[in-house]
$ cat upload_35.txt   # compact mmCIF, N, CA and C atoms
# COMPACT_ATOMS: atom_id res chain seq x y z
N MET A 1 -11.30 -51.58 -27.30
CA MET A 1 -11.86 -50.28 -27.03
C MET A 1 -11.66 -49.97 -25.55
N GLU A 2 -11.39 -48.72 -25.26
CA GLU A 2 -11.09 -48.33 -23.90
C GLU A 2 -12.28 -47.69 -23.21
N GLY A 3 -13.18 -48.47 -22.66
CA GLY A 3 -14.29 -48.02 -21.85
C GLY A 3 -14.90 -46.69 -22.25
N ASN A 4 -15.00 -45.79 -21.28
CA ASN A 4 -15.60 -44.48 -21.50
C ASN A 4 -14.56 -43.37 -21.55
N ALA A 5 -13.35 -43.67 -21.95
CA ALA A 5 -12.30 -42.65 -22.04
C ALA A 5 -12.71 -41.60 -23.06
N PRO A 6 -12.34 -40.33 -22.84
CA PRO A 6 -12.65 -39.29 -23.83
C PRO A 6 -12.00 -39.65 -25.17
N GLN A 7 -12.65 -39.27 -26.25
CA GLN A 7 -12.12 -39.56 -27.57
C GLN A 7 -11.87 -38.26 -28.33
N PHE A 8 -10.94 -38.35 -29.28
CA PHE A 8 -10.56 -37.21 -30.10
C PHE A 8 -10.48 -37.64 -31.56
N ALA A 9 -10.97 -36.78 -32.44
CA ALA A 9 -10.83 -37.01 -33.88
C ALA A 9 -9.59 -36.25 -34.35
N HIS A 10 -8.72 -36.95 -35.03
CA HIS A 10 -7.53 -36.35 -35.63
C HIS A 10 -7.84 -36.19 -37.12
N VAL A 11 -7.85 -34.97 -37.60
CA VAL A 11 -8.15 -34.67 -39.00
C VAL A 11 -6.87 -34.15 -39.65
N LEU A 12 -6.48 -34.79 -40.76
CA LEU A 12 -5.23 -34.42 -41.42
C LEU A 12 -5.50 -34.00 -42.86
N LEU A 13 -4.80 -32.97 -43.30
CA LEU A 13 -4.94 -32.43 -44.64
C LEU A 13 -3.62 -32.59 -45.39
N PHE A 14 -3.70 -33.18 -46.57
CA PHE A 14 -2.52 -33.41 -47.41
C PHE A 14 -2.75 -32.77 -48.78
N ALA A 15 -1.69 -32.66 -49.57
CA ALA A 15 -1.80 -32.23 -50.96
C ALA A 15 -1.56 -33.44 -51.85
N CYS A 16 -2.39 -33.63 -52.87
CA CYS A 16 -2.20 -34.72 -53.82
C CYS A 16 -0.83 -34.54 -54.49
N PRO A 17 -0.01 -35.60 -54.55
CA PRO A 17 1.31 -35.46 -55.18
C PRO A 17 1.24 -35.31 -56.70
N VAL A 18 0.08 -35.54 -57.30
CA VAL A 18 -0.06 -35.42 -58.75
C VAL A 18 -0.64 -34.07 -59.16
N CYS A 19 -1.77 -33.68 -58.54
CA CYS A 19 -2.47 -32.47 -59.00
C CYS A 19 -2.56 -31.37 -57.94
N SER A 20 -2.07 -31.62 -56.75
CA SER A 20 -2.04 -30.66 -55.64
C SER A 20 -3.40 -30.34 -55.02
N ARG A 21 -4.47 -31.09 -55.38
CA ARG A 21 -5.75 -30.89 -54.71
C ARG A 21 -5.63 -31.27 -53.24
N PRO A 22 -6.46 -30.67 -52.38
CA PRO A 22 -6.43 -31.05 -50.97
C PRO A 22 -7.05 -32.44 -50.76
N LEU A 23 -6.42 -33.22 -49.91
CA LEU A 23 -6.91 -34.55 -49.54
C LEU A 23 -7.04 -34.58 -48.02
N ALA A 24 -8.18 -34.99 -47.53
CA ALA A 24 -8.40 -35.04 -46.09
C ALA A 24 -8.65 -36.47 -45.63
N THR A 25 -8.21 -36.77 -44.43
CA THR A 25 -8.47 -38.06 -43.81
C THR A 25 -8.55 -37.85 -42.30
N ALA A 26 -9.05 -38.84 -41.61
CA ALA A 26 -9.21 -38.71 -40.16
C ALA A 26 -9.08 -40.07 -39.49
N CYS A 27 -8.76 -40.02 -38.20
CA CYS A 27 -8.76 -41.21 -37.36
C CYS A 27 -9.19 -40.78 -35.96
N ASN A 28 -9.55 -41.74 -35.14
CA ASN A 28 -9.95 -41.40 -33.78
C ASN A 28 -9.01 -42.04 -32.77
N SER A 29 -8.95 -41.42 -31.58
CA SER A 29 -8.03 -41.87 -30.55
C SER A 29 -8.53 -41.40 -29.18
N THR A 30 -8.01 -42.04 -28.15
CA THR A 30 -8.28 -41.56 -26.80
C THR A 30 -7.19 -40.58 -26.37
N LYS A 31 -6.25 -40.31 -27.26
CA LYS A 31 -5.15 -39.38 -26.97
C LYS A 31 -5.29 -38.13 -27.81
N ARG A 32 -5.04 -36.99 -27.22
CA ARG A 32 -5.20 -35.71 -27.89
C ARG A 32 -3.95 -35.27 -28.64
N ASN A 33 -2.76 -35.73 -28.23
CA ASN A 33 -1.52 -35.22 -28.81
C ASN A 33 -1.39 -35.53 -30.30
N LEU A 34 -0.82 -34.57 -31.04
CA LEU A 34 -0.68 -34.69 -32.49
C LEU A 34 0.19 -35.87 -32.90
N GLU A 35 1.18 -36.19 -32.10
CA GLU A 35 2.09 -37.28 -32.44
C GLU A 35 1.37 -38.61 -32.58
N GLU A 36 0.19 -38.72 -32.00
CA GLU A 36 -0.57 -39.97 -32.06
C GLU A 36 -0.83 -40.38 -33.51
N ALA A 37 -1.10 -39.44 -34.38
CA ALA A 37 -1.39 -39.76 -35.78
C ALA A 37 -0.20 -39.52 -36.70
N ASP A 38 0.79 -38.77 -36.26
CA ASP A 38 1.93 -38.43 -37.12
C ASP A 38 2.69 -39.64 -37.64
N GLY A 39 2.78 -40.69 -36.87
CA GLY A 39 3.56 -41.86 -37.26
C GLY A 39 2.77 -42.91 -38.02
N HIS A 40 1.54 -42.60 -38.40
CA HIS A 40 0.70 -43.56 -39.11
C HIS A 40 0.57 -43.21 -40.59
N TYR A 41 0.38 -44.24 -41.40
CA TYR A 41 0.10 -44.06 -42.82
C TYR A 41 -1.41 -44.05 -43.02
N PHE A 42 -1.86 -43.22 -43.94
CA PHE A 42 -3.27 -43.11 -44.27
C PHE A 42 -3.45 -43.34 -45.76
N ARG A 43 -4.42 -44.17 -46.12
CA ARG A 43 -4.75 -44.41 -47.53
C ARG A 43 -5.63 -43.25 -47.99
N THR A 44 -5.20 -42.53 -49.02
CA THR A 44 -5.98 -41.40 -49.54
C THR A 44 -6.25 -41.58 -51.02
N TYR A 45 -7.30 -40.92 -51.48
CA TYR A 45 -7.75 -41.00 -52.87
C TYR A 45 -8.01 -39.59 -53.37
N CYS A 46 -7.73 -39.34 -54.64
CA CYS A 46 -7.94 -38.02 -55.22
C CYS A 46 -8.85 -38.13 -56.44
N HIS A 47 -9.53 -37.03 -56.74
CA HIS A 47 -10.41 -36.97 -57.92
C HIS A 47 -9.63 -37.14 -59.22
N CYS A 48 -8.33 -36.86 -59.22
CA CYS A 48 -7.53 -37.01 -60.44
C CYS A 48 -7.23 -38.47 -60.75
N GLY A 49 -7.54 -39.36 -59.80
CA GLY A 49 -7.29 -40.78 -60.01
C GLY A 49 -6.16 -41.34 -59.16
N TRP A 50 -5.36 -40.47 -58.56
CA TRP A 50 -4.27 -40.94 -57.72
C TRP A 50 -4.80 -41.51 -56.42
N SER A 51 -4.16 -42.57 -55.94
CA SER A 51 -4.43 -43.10 -54.61
C SER A 51 -3.12 -43.62 -54.05
N GLY A 52 -2.97 -43.54 -52.76
CA GLY A 52 -1.75 -44.02 -52.14
C GLY A 52 -1.74 -43.76 -50.66
N ASP A 53 -0.67 -44.19 -50.02
CA ASP A 53 -0.49 -44.01 -48.60
C ASP A 53 0.33 -42.76 -48.34
N VAL A 54 -0.10 -41.98 -47.36
CA VAL A 54 0.64 -40.79 -46.96
C VAL A 54 0.92 -40.87 -45.46
N LEU A 55 2.08 -40.40 -45.07
CA LEU A 55 2.50 -40.44 -43.67
C LEU A 55 1.95 -39.23 -42.94
N GLY A 56 1.37 -39.46 -41.77
CA GLY A 56 0.75 -38.39 -41.00
C GLY A 56 1.64 -37.18 -40.78
N MET A 57 2.93 -37.39 -40.55
CA MET A 57 3.82 -36.25 -40.29
C MET A 57 4.03 -35.39 -41.52
N LYS A 58 3.60 -35.85 -42.70
CA LYS A 58 3.70 -35.07 -43.93
C LYS A 58 2.47 -34.21 -44.17
N ALA A 59 1.52 -34.23 -43.25
CA ALA A 59 0.29 -33.44 -43.40
C ALA A 59 0.62 -31.95 -43.44
N ILE A 60 -0.12 -31.22 -44.26
CA ILE A 60 0.01 -29.77 -44.32
C ILE A 60 -0.61 -29.15 -43.07
N LYS A 61 -1.68 -29.75 -42.59
CA LYS A 61 -2.38 -29.27 -41.40
C LYS A 61 -2.95 -30.47 -40.65
N HIS A 62 -2.97 -30.38 -39.33
CA HIS A 62 -3.46 -31.48 -38.48
C HIS A 62 -4.25 -30.85 -37.35
N TRP A 63 -5.53 -31.19 -37.25
CA TRP A 63 -6.39 -30.69 -36.19
C TRP A 63 -6.78 -31.83 -35.27
N VAL A 64 -7.04 -31.49 -34.02
CA VAL A 64 -7.59 -32.46 -33.07
C VAL A 64 -8.86 -31.86 -32.51
N HIS A 65 -9.93 -32.65 -32.55
CA HIS A 65 -11.24 -32.18 -32.12
C HIS A 65 -11.83 -33.18 -31.13
N ALA A 66 -12.38 -32.67 -30.02
CA ALA A 66 -13.04 -33.56 -29.06
C ALA A 66 -14.17 -34.29 -29.78
N TRP A 67 -14.24 -35.61 -29.61
CA TRP A 67 -15.23 -36.44 -30.29
C TRP A 67 -16.19 -36.98 -29.26
N THR A 68 -17.46 -36.57 -29.35
CA THR A 68 -18.43 -36.96 -28.33
C THR A 68 -19.13 -38.28 -28.64
N GLU A 69 -18.92 -38.79 -29.83
CA GLU A 69 -19.51 -40.09 -30.19
C GLU A 69 -18.70 -41.21 -29.54
N ASN A 70 -19.30 -42.37 -29.40
CA ASN A 70 -18.64 -43.52 -28.81
C ASN A 70 -18.21 -44.46 -29.92
N ALA A 71 -17.10 -44.14 -30.57
CA ALA A 71 -16.60 -44.93 -31.70
C ALA A 71 -15.61 -45.98 -31.21
N PRO A 72 -15.49 -47.10 -31.94
CA PRO A 72 -14.49 -48.11 -31.57
C PRO A 72 -13.08 -47.53 -31.67
N VAL A 73 -12.25 -47.84 -30.69
CA VAL A 73 -10.87 -47.38 -30.65
C VAL A 73 -10.01 -48.56 -30.21
N GLY A 74 -8.85 -48.71 -30.81
CA GLY A 74 -7.95 -49.78 -30.38
C GLY A 74 -6.88 -50.08 -31.40
N LYS A 75 -5.92 -50.86 -30.98
CA LYS A 75 -4.76 -51.19 -31.81
C LYS A 75 -5.14 -51.82 -33.15
N ASP A 76 -6.12 -52.70 -33.16
CA ASP A 76 -6.48 -53.40 -34.39
C ASP A 76 -7.80 -52.93 -34.98
N VAL A 77 -8.24 -51.72 -34.64
CA VAL A 77 -9.51 -51.20 -35.12
C VAL A 77 -9.26 -50.28 -36.32
N PRO A 78 -9.81 -50.60 -37.51
CA PRO A 78 -9.66 -49.71 -38.66
C PRO A 78 -10.22 -48.33 -38.34
N GLY A 79 -9.50 -47.28 -38.75
CA GLY A 79 -9.93 -45.92 -38.50
C GLY A 79 -9.48 -45.36 -37.16
N SER A 80 -8.80 -46.19 -36.37
CA SER A 80 -8.27 -45.73 -35.08
C SER A 80 -6.79 -45.42 -35.26
N CYS A 81 -6.30 -44.39 -34.62
CA CYS A 81 -4.86 -44.09 -34.71
C CYS A 81 -4.15 -44.51 -33.43
N GLU A 82 -4.64 -45.57 -32.79
CA GLU A 82 -4.05 -46.05 -31.55
C GLU A 82 -3.07 -47.21 -31.76
N GLY A 83 -2.96 -47.70 -32.98
CA GLY A 83 -2.06 -48.83 -33.22
C GLY A 83 -0.60 -48.42 -33.19
N GLU A 84 0.25 -49.36 -33.48
CA GLU A 84 1.67 -49.09 -33.53
C GLU A 84 1.98 -48.08 -34.62
N ALA A 85 2.75 -47.07 -34.29
CA ALA A 85 3.16 -46.08 -35.28
C ALA A 85 4.19 -46.69 -36.20
N VAL A 86 4.15 -46.34 -37.45
CA VAL A 86 5.09 -46.82 -38.44
C VAL A 86 5.92 -45.62 -38.89
N THR A 87 7.22 -45.68 -38.68
CA THR A 87 8.05 -44.52 -39.03
C THR A 87 8.77 -44.70 -40.35
N THR A 88 8.82 -45.92 -40.88
CA THR A 88 9.40 -46.14 -42.21
C THR A 88 8.51 -47.10 -42.97
N ARG A 89 8.57 -46.98 -44.28
CA ARG A 89 7.75 -47.87 -45.09
C ARG A 89 8.46 -48.17 -46.38
$ encode --input "upload_35.txt" --output "structure tokens"
Amino acid sequence: MEGNAPQFAHVLLFACPVCSRPLATACNSTKRNLEEADGHYFRTYCHCGWSGDVLGMKAIKHWVHAWTENAPVGKDVPGSCEGEAVTTR
């Protein structure tokens, strides 16, 4: 975790590949730029029963919001988008 650095919540919206319902996920980071989450895979679940990994750059919409809470952030922290980006899978 990086001390008292400002934090940002990255919220990503995807479409379910089976039923097209909206699927949302989020991660936190000390970086505001969108590319921080674009190279990461996110595990998502849908009400239709589908679950799988989706790549951040495939999001329909991506928001970044200043996060005032002091959440754990780091390369090996679940829910953080600060780890190594994965561009192929």
$ residues_around --input "upload_35.txt" --residues "Ala37 in chain A" --least-positions-apart "6" --cutoff "6 Å" --atoms "only N, CA and C atoms" --output "list in words"
Gly56, Met57 and Cys81 of chain A
$ residues_around --input "upload_35.txt" --residues "Glu82 in chain A" --least-positions-apart "3" --cutoff "6.5 Å" --atoms "only N, CA and C atoms" --output "ChimeraX atom specification"
/A:28-29,36,74-76,85
$ closest_residue --input "upload_35.txt" --among "A:Val73, A:Ala5, A:Leu12, A:Leu34" --to "Ala59 in chain A" --atoms "all atoms listed in the file"
A:Leu12
$ atom_distance --input "upload_35.txt" --atom1 "CA of Leu23 in chain A" --atom2 "CA of Gly83 in chain A"
22.2 Å
$ atom_distance --input "upload_35.txt" --atom1 "atom N of Cys19 in chain A" --atom2 "CA of Trp63 in chain A"
23.0 Å
$ atom_distance --input "upload_35.txt" --atom1 "CA of Val64 in chain A" --atom2 "CA of Trp50 in chain A"
26.3 Å
$ closest_residue --input "upload_35.txt" --among "A:Lys58, A:Arg43, A:His65, A:Arg32" --to "Pro78 in chain A" --atoms "only C-alpha atoms"
A:Arg43
$ residues_around --input "upload_35.txt" --residues "Thr30 in chain A" --least-positions-apart "3" --cutoff "7 Å" --atoms "only C-alpha atoms" --output "list in words"
Ala5, Pro6, Gln7 and Phe8 of chain A
$ write_last_selection --input "upload_35.txt" --atoms "N, CA and C atoms" --output "CSV table (one decimal), in the frame of the given file"
chain,number,residue,atom,x,y,z
A,5,ALA,N,-13.4,-43.7,-22.0
A,5,ALA,CA,-12.3,-42.6,-22.0
A,5,ALA,C,-12.7,-41.6,-23.1
A,6,PRO,N,-12.3,-40.3,-22.8
A,6,PRO,CA,-12.6,-39.3,-23.8
A,6,PRO,C,-12.0,-39.6,-25.2
A,7,GLN,N,-12.6,-39.3,-26.2
A,7,GLN,CA,-12.1,-39.6,-27.6
A,7,GLN,C,-11.9,-38.3,-28.3
A,8,PHE,N,-10.9,-38.4,-29.3
A,8,PHE,CA,-10.6,-37.2,-30.1
A,8,PHE,C,-10.5,-37.6,-31.6
$ select_by_dssp --input "upload_35.txt" --residues "chain A" --states "alpha helix (DSSP H)" --output "number ranges by chain"
A: 35-38
$ select_by_dssp --input "upload_35.txt" --residues "chain A" --states "strand (DSSP E or B)" --output "ChimeraX atom specification"
/A:7-15,22-29,41-45,51-55,61-67,80
$ closest_residue --input "upload_35.txt" --among "A:Val77, A:Ala15, A:Ala26, A:Leu55" --to "Asp38 in chain A" --atoms "only N, CA and C atoms"
A:Leu55
$ residues_near_point --input "upload_35.txt" --point "(-14.8, -39.2, -31.5)" --cutoff "6 Å" --atoms "only N, CA and C atoms" --output "VMD selection string"
chain A and resid 7 to 9 28 66 to 71
$ write_last_selection --input "upload_35.txt" --atoms "N, CA and C atoms" --output "short mmCIF file (atom, residue, chain, number, x, y, z; two decimals), keeping the file's coordinate frame"
data_model
loop_
_atom_site.label_atom_id
_atom_site.label_comp_id
_atom_site.auth_asym_id
_atom_site.auth_seq_id
_atom_site.Cartn_x
_atom_site.Cartn_y
_atom_site.Cartn_z
N GLN A 7 -12.65 -39.27 -26.25
CA GLN A 7 -12.12 -39.56 -27.57
C GLN A 7 -11.87 -38.26 -28.33
N PHE A 8 -10.94 -38.35 -29.28
CA PHE A 8 -10.56 -37.21 -30.10
C PHE A 8 -10.48 -37.64 -31.56
N ALA A 9 -10.97 -36.78 -32.44
CA ALA A 9 -10.83 -37.01 -33.88
C ALA A 9 -9.59 -36.25 -34.35
N ASN A 28 -9.55 -41.74 -35.14
CA ASN A 28 -9.95 -41.40 -33.78
C ASN A 28 -9.01 -42.04 -32.77
N ALA A 66 -12.38 -32.67 -30.02
CA ALA A 66 -13.04 -33.56 -29.06
C ALA A 66 -14.17 -34.29 -29.78
N TRP A 67 -14.24 -35.61 -29.61
CA TRP A 67 -15.23 -36.44 -30.29
C TRP A 67 -16.19 -36.98 -29.26
N THR A 68 -17.46 -36.57 -29.35
CA THR A 68 -18.43 -36.96 -28.33
C THR A 68 -19.13 -38.28 -28.64
N GLU A 69 -18.92 -38.79 -29.83
CA GLU A 69 -19.51 -40.09 -30.19
C GLU A 69 -18.70 -41.21 -29.54
N ASN A 70 -19.30 -42.37 -29.40
CA ASN A 70 -18.64 -43.52 -28.81
C ASN A 70 -18.21 -44.46 -29.92
N ALA A 71 -17.10 -44.14 -30.57
CA ALA A 71 -16.60 -44.93 -31.70
C ALA A 71 -15.61 -45.98 -31.21
#
$ build_atoms --input "upload_35.txt" --residues "range 16-39 of chain A" --atoms "N, CA, C and O atoms" --output "CSV table (one decimal), in the coordinates of the input"
chain,number,residue,atom,x,y,z
A,16,CYS,N,-2.4,-33.6,-52.9
A,16,CYS,CA,-2.2,-34.7,-53.8
A,16,CYS,C,-0.8,-34.5,-54.5
A,16,CYS,O,-0.5,-33.4,-55.0
A,17,PRO,N,0.0,-35.6,-54.6
A,17,PRO,CA,1.3,-35.5,-55.2
A,17,PRO,C,1.2,-35.3,-56.7
A,17,PRO,O,2.2,-34.9,-57.3
A,18,VAL,N,0.1,-35.5,-57.3
A,18,VAL,CA,-0.1,-35.4,-58.8
A,18,VAL,C,-0.6,-34.1,-59.2
A,18,VAL,O,-0.1,-33.4,-60.0
A,19,CYS,N,-1.8,-33.7,-58.5
A,19,CYS,CA,-2.5,-32.5,-59.0
A,19,CYS,C,-2.6,-31.4,-57.9
A,19,CYS,O,-3.1,-30.3,-58.2
A,20,SER,N,-2.1,-31.6,-56.8
A,20,SER,CA,-2.0,-30.7,-55.6
A,20,SER,C,-3.4,-30.3,-55.0
A,20,SER,O,-3.5,-29.4,-54.2
A,21,ARG,N,-4.5,-31.1,-55.4
A,21,ARG,CA,-5.8,-30.9,-54.7
A,21,ARG,C,-5.6,-31.3,-53.2
A,21,ARG,O,-4.8,-32.1,-52.9
A,22,PRO,N,-6.5,-30.7,-52.4
A,22,PRO,CA,-6.4,-31.0,-51.0
A,22,PRO,C,-7.0,-32.4,-50.8
A,22,PRO,O,-8.0,-32.8,-51.4
A,23,LEU,N,-6.4,-33.2,-49.9
A,23,LEU,CA,-6.9,-34.6,-49.5
A,23,LEU,C,-7.0,-34.6,-48.0
A,23,LEU,O,-6.1,-34.2,-47.3
A,24,ALA,N,-8.2,-35.0,-47.5
A,24,ALA,CA,-8.4,-35.0,-46.1
A,24,ALA,C,-8.6,-36.5,-45.6
A,24,ALA,O,-9.2,-37.3,-46.4
A,25,THR,N,-8.2,-36.8,-44.4
A,25,THR,CA,-8.5,-38.1,-43.8
A,25,THR,C,-8.6,-37.8,-42.3
A,25,THR,O,-8.2,-36.8,-41.8
A,26,ALA,N,-9.0,-38.8,-41.6
A,26,ALA,CA,-9.2,-38.7,-40.2
A,26,ALA,C,-9.1,-40.1,-39.5
A,26,ALA,O,-9.3,-41.1,-40.1
A,27,CYS,N,-8.8,-40.0,-38.2
A,27,CYS,CA,-8.8,-41.2,-37.4
A,27,CYS,C,-9.2,-40.8,-36.0
A,27,CYS,O,-9.2,-39.6,-35.7
A,28,ASN,N,-9.6,-41.7,-35.1
A,28,ASN,CA,-10.0,-41.4,-33.8
A,28,ASN,C,-9.0,-42.0,-32.8
A,28,ASN,O,-8.3,-43.0,-33.1
A,29,SER,N,-9.0,-41.4,-31.6
A,29,SER,CA,-8.0,-41.9,-30.6
A,29,SER,C,-8.5,-41.4,-29.2
A,29,SER,O,-9.3,-40.5,-29.1
A,30,THR,N,-8.0,-42.0,-28.2
A,30,THR,CA,-8.3,-41.6,-26.8
A,30,THR,C,-7.2,-40.6,-26.4
A,30,THR,O,-7.2,-40.1,-25.2
A,31,LYS,N,-6.2,-40.3,-27.3
A,31,LYS,CA,-5.2,-39.4,-27.0
A,31,LYS,C,-5.3,-38.1,-27.8
A,31,LYS,O,-5.6,-38.2,-29.0
A,32,ARG,N,-5.0,-37.0,-27.2
A,32,ARG,CA,-5.2,-35.7,-27.9
A,32,ARG,C,-4.0,-35.3,-28.6
A,32,ARG,O,-4.0,-34.5,-29.6
A,33,ASN,N,-2.8,-35.7,-28.2
A,33,ASN,CA,-1.5,-35.2,-28.8
A,33,ASN,C,-1.4,-35.5,-30.3
A,33,ASN,O,-1.8,-36.6,-30.8
A,34,LEU,N,-0.8,-34.6,-31.0
A,34,LEU,CA,-0.7,-34.7,-32.5
A,34,LEU,C,0.2,-35.9,-32.9
A,34,LEU,O,0.0,-36.5,-33.9
A,35,GLU,N,1.2,-36.2,-32.1
A,35,GLU,CA,2.1,-37.3,-32.4
A,35,GLU,C,1.4,-38.6,-32.6
A,35,GLU,O,1.9,-39.5,-33.2
A,36,GLU,N,0.2,-38.7,-32.0
A,36,GLU,CA,-0.6,-40.0,-32.1
A,36,GLU,C,-0.8,-40.4,-33.5
A,36,GLU,O,-0.8,-41.6,-33.9
A,37,ALA,N,-1.1,-39.4,-34.4
A,37,ALA,CA,-1.4,-39.8,-35.8
A,37,ALA,C,-0.2,-39.5,-36.7
A,37,ALA,O,-0.2,-40.0,-37.8
A,38,ASP,N,0.8,-38.8,-36.3
A,38,ASP,CA,1.9,-38.4,-37.1
A,38,ASP,C,2.7,-39.6,-37.6
A,38,ASP,O,3.2,-39.6,-38.7
A,39,GLY,N,2.8,-40.7,-36.9
A,39,GLY,CA,3.6,-41.9,-37.3
A,39,GLY,C,2.8,-42.9,-38.0
A,39,GLY,O,3.3,-44.0,-38.3
